[in-house]
Amino acid sequence: MDLKKDVQKQFGKSADSYVTSSIHKDGKDLGKLLEMASIKGEEKLLDIATGGGHTANAFAPYVKKVTAVDLTPEILAAAEKFIKGNGHQNVEFVHGDAENLPFPNEAFDMVTCRIAPHHFPNVKRFIEEVHRVLKPNGQFLLEDNVVPEEDDFDQFYNKIEKWRDFSHFRAWKKSEWLRRLELAGYEIVEWHRFEKTFRFDPWCNRMNLPQEEKAKLAEFMKSATEKIKNKFRLVLEEGQIFSFQGEAVVLKAMKR
């Protein structure tokens with residue numbers, strides 16, 4: 001089974017949990033994305049890998065039209081129910097692939113993509129596709145989990161994410177994002193790093209990780225070096241993993 005089918009399988013069965021997930025719907029990062037955007041009210045916005053629809057929902061009141069695209073039909077249906085339930089009538093829902101967008105060149109003023117690219121097997125192609133569908137001087141608002149620059153930390157975080165979620169491909173380093181975007185013809189005009197606290201049980205349960213695998217993953221994390229445990233702020237309660245900390249970046253890039 002290829003990774004894109006893995007993504008559809010994983011998110012198809014988890015669709016409703018992504019609409020209700022507090023880390024997705026309550027994040028302060030959504031407010032930061034809106035704050036960073038330059039909006040006049042006439043924009044056509046594309047939200048790629050819309051997931052539970054939280055980004056599309058947040059931007060809908062401020063732009064002319066939102067097109068929400070996702071690879072997984074079940075999650076697209078859950079997002080549509082959520083967004084229409086909030087009264088937004090200017091959002092269109094399209095089944096599509098982030099690496100092969102079903103839209104013409106220069107069709108959008110803005111593109112958003114939030115907490116999704118770590119699932120994309122070809123992030124270079126995704127970046128190129130965003131560039132293609134954006135109008136000149138269009139805004140690309142991107143957010144994703146990232147890994148520290150040190151290779152040991154990078155490998156640890158990507159290993160536990162892949163263990164928890166077989167549809168995870170790779171969380172990239174901050175430097176890798178900046179380089180890829182600039183090489184693809186964007187100017188990065190603003191970016192922010194912020195910390196994310198993951199509570200271990202909900203983090204595993206959102207992906208329906210079997211109890212046996214959850215226990216093995218917990219043991220792997222507890223057996224990590226002190227340096228890794230300190231870096232990821234591993235918190236134990238009564239010998240069990242309660243939480244750990246990751247990081248993400250929010251950035252705004254302009255098509256030049």
# chains A, B, ... in the order shown; residues from 1 in each chain; ligands from 1
>>> select_by_dssp(residues="range 94-149 of chain A", states="strand (DSSP E or B)", output="NGL selection string")
:A and (94-95 or 97 or 100 or 108-114 or 134-147)
>>> residues_around(residues="Asp97 in chain A", least_positions_apart="3", cutoff="12 Å", atoms="only C-alpha atoms", output="PyMOL selection string")
chain A and resi 4-5+7-8+47-50+68-73+94+100-103+116-117+119-123+125-126+129-130
>>> closest_residue(among="A:Trp177, A:Phe232, A:Trp172, A:Phe93", to="Lys252 in chain A", atoms="only C-alpha atoms")
A:Trp177
>>> residues_around(residues="range 59-67 of chain A", least_positions_apart="3", cutoff="7 Å", atoms="only C-alpha atoms", output="ChimeraX atom specification")
/A:41-47,55-56,88,90-93
>>> residues_around(residues="Phe244 in chain A", least_positions_apart="4", cutoff="7 Å", atoms="only C-alpha atoms", output="ChimeraX atom specification")
/A:197-199,232-235
>>> closest_residue(among="A:Ala78, A:Ile160, A:Ile228, A:Val111", to="Trp203 in chain A", atoms="only C-alpha atoms")
A:Ile160
>>> select_by_dssp(residues="range 28-195 of chain A", states="alpha helix (DSSP H)", output="ChimeraX atom specification")
/A:28-36,54-59,73-85,123-133,151-164,174-183
>>> closest_residue(among="A:Leu181, A:Glu212, A:Phe153, A:Glu237", to="Thr225 in chain A", atoms="only C-alpha atoms")
A:Phe153
>>> closest_residue(among="A:Phe169, A:Tyr186, A:Tyr157, A:Trp163", to="Lys229 in chain A", atoms="only C-alpha atoms")
A:Tyr157
>>> residues_around(residues="range 134-141 of chain A", least_positions_apart="6", cutoff="12 Å", atoms="only C-alpha atoms", output="ChimeraX atom specification")
/A:29-30,32-39,43-48,55,59,101,103-115,126-128,181,185-192,249-256
>>> atom_distance(atom1="CA of Leu209 in chain A", atom2="CA of Leu236 in chain A")
19.8 Å
>>> residues_around(residues="Asp154 in chain A", least_positions_apart="5", cutoff="9 Å", atoms="only C-alpha atoms", output="MDAnalysis selection string")
chainID A and resid 146:149 159 171:173
>>> write_last_selection(atoms="C-alpha atoms", output="CSV table (one decimal), in the first residue's frame")
chain,number,residue,atom,x,y,z
A,146,VAL,CA,9.2,20.6,12.5
A,147,VAL,CA,12.2,18.9,14.0
A,148,PRO,CA,15.3,20.3,15.6
A,149,GLU,CA,18.4,20.7,13.5
A,159,LYS,CA,10.4,7.7,14.5
A,171,ALA,CA,8.6,16.4,9.7
A,172,TRP,CA,11.3,18.6,8.2
A,173,LYS,CA,13.9,20.8,9.8
